[in-house]
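Structure data (compact mmCIF, C-alpha atoms) from protein17.txt:
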```txt
# COMPACT_ATOMS: atom_id res chain seq x y z
CA MET A 1 -7.35 -8.64 -1.89
CA SER A 2 -4.42 -6.24 -1.55
CA TYR A 3 -3.78 -5.31 -5.15
CA HIS A 4 -5.65 -3.84 -8.07
CA SER A 5 -4.75 -5.13 -11.53
CA TYR A 6 -4.82 -3.04 -14.66
CA GLY A 7 -4.85 -4.31 -18.18
CA THR A 8 -2.94 -2.60 -20.93
CA THR A 9 -5.85 -0.34 -21.93
CA ASN A 10 -8.87 1.39 -20.42
CA ILE A 11 -7.29 2.43 -17.10
CA ALA A 12 -10.14 3.97 -15.10
CA PHE A 13 -9.11 6.99 -13.04
CA SER A 14 -12.06 6.22 -10.73
CA THR A 15 -10.08 3.20 -9.42
CA PHE A 16 -7.15 5.29 -8.15
CA ASP A 17 -8.76 5.80 -4.74
CA ILE A 18 -8.45 2.03 -4.15
CA TRP A 19 -4.65 2.05 -3.98
CA ALA A 20 -3.23 5.60 -4.23
CA ASN A 21 -2.17 7.49 -1.09
CA ASN A 22 -3.07 10.90 -2.49
CA VAL A 23 -6.47 10.04 -3.98
CA SER A 24 -9.43 9.97 -1.62
CA SER A 25 -12.34 10.16 -4.05
CA ASP A 26 -13.18 10.58 -7.70
CA THR A 27 -12.99 14.36 -7.23
CA ASN A 28 -9.18 14.27 -6.98
CA ALA A 29 -8.52 11.15 -9.06
CA GLY A 30 -6.03 12.74 -11.43
CA ILE A 31 -2.97 10.88 -12.63
CA ASP A 32 -0.77 13.53 -10.97
CA ASN A 33 -2.27 12.73 -7.54
CA ALA A 34 -2.11 8.97 -8.10
CA LEU A 35 1.51 8.82 -9.24
CA SER A 36 3.05 11.65 -7.21
CA ASP A 37 4.28 9.16 -4.57
CA TRP A 38 4.48 6.03 -6.73
CA TYR A 39 7.48 3.76 -6.22
CA PRO A 40 9.85 4.22 -7.91
CA THR A 41 9.53 8.01 -8.00
CA GLN A 42 7.89 9.36 -11.13
CA SER A 43 8.45 12.79 -12.65
CA ALA A 44 5.87 15.13 -14.08
CA PRO A 45 4.37 14.95 -16.57
CA TYR A 46 2.96 11.69 -15.20
CA GLN A 47 2.01 8.98 -17.67
CA VAL A 48 -1.00 6.66 -17.53
CA SER A 49 1.22 4.08 -19.29
CA THR A 50 3.03 3.63 -15.93
CA LEU A 51 -0.07 1.68 -14.81
CA SER A 52 -0.37 -0.39 -17.98
CA GLY A 53 -0.36 -4.03 -16.84
CA ALA A 54 0.44 -3.04 -13.23
CA ASP A 55 -0.69 -4.85 -10.09
CA CYS A 56 -0.97 -1.89 -7.70
CA PHE A 57 -0.38 -3.07 -4.13
CA TYR A 58 -2.19 -1.66 -1.13
CA GLY A 59 -2.46 -3.11 2.36
CA THR A 60 -1.61 -2.75 6.02
CA ILE A 61 1.07 -4.33 8.18
CA ALA A 62 0.02 -4.46 11.83
CA ALA A 63 1.89 -5.45 14.99
CA GLY A 64 0.21 -7.24 17.83
CA THR A 65 1.04 -6.73 21.50
CA GLY A 66 4.74 -7.23 22.12
CA GLY A 67 6.37 -5.74 19.08
CA GLN A 68 6.42 -3.49 16.07
CA VAL A 69 6.64 -3.84 12.30
CA GLN A 70 8.96 -2.36 9.68
CA LEU A 71 9.05 -2.28 5.89
CA SER A 72 12.40 -3.08 4.27
CA SER A 73 11.36 -3.32 0.61
CA PRO A 74 10.48 -1.89 -1.88
CA TYR A 75 11.12 1.18 0.28
CA THR A 76 12.06 1.54 3.94
CA VAL A 77 9.74 2.46 6.82
CA GLY A 78 10.99 2.31 10.42
CA SER A 79 9.35 0.63 13.39
CA SER A 80 5.68 1.32 13.97
CA SER A 81 2.59 -0.41 15.32
CA SER A 82 0.97 -0.19 11.88
CA ILE A 83 2.14 0.71 8.37
CA THR A 84 -0.07 1.40 5.38
CA VAL A 85 1.69 0.23 2.24
CA LYS A 86 0.56 1.61 -1.10
CA ASN A 87 1.71 2.79 -4.46
CA PHE A 88 3.94 0.22 -6.08
CA ASP A 89 3.64 -2.60 -8.62
CA ILE A 90 3.77 -5.93 -6.74
CA GLY A 91 4.36 -7.59 -10.11
CA VAL A 92 7.71 -5.79 -10.36
CA TYR A 93 8.84 -5.20 -6.75
CA THR A 94 8.92 -7.39 -3.64
CA LEU A 95 7.20 -6.37 -0.43
CA SER A 96 9.34 -7.29 2.59
CA MET A 97 7.85 -6.75 6.02
CA VAL A 98 9.80 -7.27 9.23
CA ALA A 99 8.48 -8.12 12.70
CA VAL A 100 10.47 -6.63 15.59
CA PRO A 101 9.69 -8.13 19.02
CA THR A 102 10.03 -6.11 22.20
CA TYR A 103 11.57 -7.98 25.14
CA PRO A 104 10.28 -10.14 26.82
CA TYR A 105 8.08 -11.00 23.82
CA VAL A 106 9.26 -13.16 20.94
CA PHE A 107 7.96 -13.27 17.40
CA HIS A 108 5.63 -16.19 16.69
CA SER A 109 4.26 -15.77 13.14
CA TRP A 110 2.77 -13.63 10.40
CA ARG A 111 -1.01 -14.13 10.41
CA THR A 112 -4.11 -13.18 8.46
CA ALA A 113 -5.97 -12.05 11.59
CA ALA A 114 -5.08 -10.29 14.84
CA SER A 115 -4.10 -11.98 18.11
CA GLY A 116 -2.85 -15.20 16.52
CA GLY A 117 -6.06 -15.78 14.59
CA GLY A 118 -6.58 -16.62 10.95
CA THR A 119 -4.08 -18.47 8.83
CA GLN A 120 -0.37 -18.64 9.57
CA LEU A 121 1.61 -17.21 6.65
CA SER A 122 5.18 -17.54 7.91
CA THR A 123 7.25 -18.07 11.05
CA SER A 124 10.19 -16.02 9.76
CA THR A 125 10.53 -12.48 11.14
CA THR A 126 10.80 -11.24 7.55
CA TYR A 127 7.86 -12.05 5.29
CA SER A 128 8.16 -11.24 1.61
CA ILE A 129 5.57 -11.14 -1.14
CA SER A 130 6.33 -10.79 -4.81
CA GLY A 131 3.83 -10.97 -7.62
CA ALA A 132 0.06 -10.92 -7.42
CA ASN A 133 -0.74 -14.36 -5.97
CA THR A 134 -2.49 -16.00 -3.02
CA SER A 135 -0.22 -14.11 -0.60
CA THR A 136 -1.79 -10.87 -1.83
CA SER A 137 -5.29 -12.10 -0.97
CA TYR A 138 -5.28 -10.30 2.38
CA SER A 139 -5.63 -6.60 3.08
CA THR A 140 -3.89 -6.73 6.48
CA TYR A 141 -0.84 -8.77 7.54
CA TYR A 142 -0.45 -9.26 11.29
CA ALA A 143 2.77 -9.84 13.24
CA TYR A 144 1.92 -12.05 16.21
CA PHE A 145 4.15 -12.02 19.30
CA VAL A 146 4.00 -14.28 22.39
```
Is it possible to express this structure as structure tokens?
Amino acid sequence: MSYHSYGTTNIAFSTFDIWANNVSSDTNAGIDNALSDWYPTQSAPYQVSTLSGADCFYGTIAAGTGGQVQLSSPYTVGSSSSITVKNFDIGVYTLSMVAVPTYPYVFHSWRTAASGGGTQLSTSTTYSISGANTSTSYSTYYAYFV
């Protein structure tokens, strides 16, 4: 699963290391570390209420042989072989990942496993996810090129 859901109360700081870029353990699980690179940008003093009812997305976008991946929403990340995506509410914002083939390869599909394995998610070069649903059941999304 690539999101962590919070209710409207009892937000446990010990869960921040699941999804936050700047939290690696319970020893630095402060709200300031968790929300310092939240999308959209938050300003100090940070508020726990930001996470009230949030579905905090975390996951990886990986490119197979023959291409790269990009992130076009909710924020932009240029071409790379792998992108770790964290720190936004998938219930509010859409994740849009883009597969970029390198000649002579062509894009085949977005998959749930490397090298064309797993389940096919889409054959479009741009794959978008919005809301916490079955599409957020995977922790890594693979761009498969042939």
Using only C-alpha atoms and a cutoff of 12 Å, can you tell me which residues are near (0.9, -9.5, 9.5) in the file's coordinates, and write them out as a tab-separated table (two decimals) with C-alpha atoms, in the frame of the given file?
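Full text of point.tsv as output:
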```tsv
chain	number	residue	atom	x	y	z
A	59	GLY	CA	-2.46	-3.11	2.36
A	60	THR	CA	-1.61	-2.75	6.02
A	61	ILE	CA	1.07	-4.33	8.18
A	62	ALA	CA	0.02	-4.46	11.83
A	63	ALA	CA	1.89	-5.45	14.99
A	64	GLY	CA	0.21	-7.24	17.83
A	67	GLY	CA	6.37	-5.74	19.08
A	68	GLN	CA	6.42	-3.49	16.07
A	69	VAL	CA	6.64	-3.84	12.30
A	70	GLN	CA	8.96	-2.36	9.68
A	71	LEU	CA	9.05	-2.28	5.89
A	81	SER	CA	2.59	-0.41	15.32
A	82	SER	CA	0.97	-0.19	11.88
A	83	ILE	CA	2.14	0.71	8.37
A	84	THR	CA	-0.07	1.40	5.38
A	96	SER	CA	9.34	-7.29	2.59
A	97	MET	CA	7.85	-6.75	6.02
A	98	VAL	CA	9.80	-7.27	9.23
A	99	ALA	CA	8.48	-8.12	12.70
A	100	VAL	CA	10.47	-6.63	15.59
A	107	PHE	CA	7.96	-13.27	17.40
A	108	HIS	CA	5.63	-16.19	16.69
A	109	SER	CA	4.26	-15.77	13.14
A	110	TRP	CA	2.77	-13.63	10.40
A	111	ARG	CA	-1.01	-14.13	10.41
A	112	THR	CA	-4.11	-13.18	8.46
A	113	ALA	CA	-5.97	-12.05	11.59
A	114	ALA	CA	-5.08	-10.29	14.84
A	115	SER	CA	-4.10	-11.98	18.11
A	116	GLY	CA	-2.85	-15.20	16.52
A	117	GLY	CA	-6.06	-15.78	14.59
A	118	GLY	CA	-6.58	-16.62	10.95
A	119	THR	CA	-4.08	-18.47	8.83
A	120	GLN	CA	-0.37	-18.64	9.57
A	121	LEU	CA	1.61	-17.21	6.65
A	122	SER	CA	5.18	-17.54	7.91
A	123	THR	CA	7.25	-18.07	11.05
A	124	SER	CA	10.19	-16.02	9.76
A	125	THR	CA	10.53	-12.48	11.14
A	126	THR	CA	10.80	-11.24	7.55
A	127	TYR	CA	7.86	-12.05	5.29
A	128	SER	CA	8.16	-11.24	1.61
A	129	ILE	CA	5.57	-11.14	-1.14
A	135	SER	CA	-0.22	-14.11	-0.60
A	136	THR	CA	-1.79	-10.87	-1.83
A	138	TYR	CA	-5.28	-10.30	2.38
A	139	SER	CA	-5.63	-6.60	3.08
A	140	THR	CA	-3.89	-6.73	6.48
A	141	TYR	CA	-0.84	-8.77	7.54
A	142	TYR	CA	-0.45	-9.26	11.29
A	143	ALA	CA	2.77	-9.84	13.24
A	144	TYR	CA	1.92	-12.05	16.21
A	145	PHE	CA	4.15	-12.02	19.30
```
Rank nothing, just name the residue among A:Ala12, A:Val48, A:Ala132, A:Cys56 nearest to Val85 (chain A), using only C-alpha atoms. A:Cys56
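Remark: for Asn10 (chain A), the closest of the candidate residues A:Leu51, A:Gly66, A:Ser80, A:Pro101 is A:Leu51 (distances computed over only C-alpha atoms).
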Just want the 9 Å neighbourhood of Gly91 (chain A), counted on all atoms listed in the file, with same-chain residues fewer than 2 positions away dropped. Output as a PyMOL selection string. chain A and resi 53-57+88-89+93-94+130-132
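Relative to CA of Tyr103 (chain A), CA of Ser79 (chain A) is found at 14.7 Å.
Computed from the coordinates, the CA of Gln47 (chain A) to CA of Leu35 (chain A) distance equals 8.4 Å.
CA of Tyr58 (chain A) to CA of Ile90 (chain A) spans 9.2 Å [interatomic distance, one decimal].
Minimum atom-to-atom distances from A:Val106, A:His4, A:Asp37, A:Thr50 to Tyr75 (chain A) were compared using only C-alpha atoms, and the lowest value belongs to A:Asp37.
Nearest to Asn33 (chain A) of all the residues A:Ser52, A:Val146, A:Asn87, A:Tyr6 is A:Asn87, counting all atoms listed in the file.
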Rank nothing, just name the residue among A:Thr102, A:Asn28, A:Ser137, A:Ser43 nearest to Phe16 (chain A), using only C-alpha atoms. A:Asn28
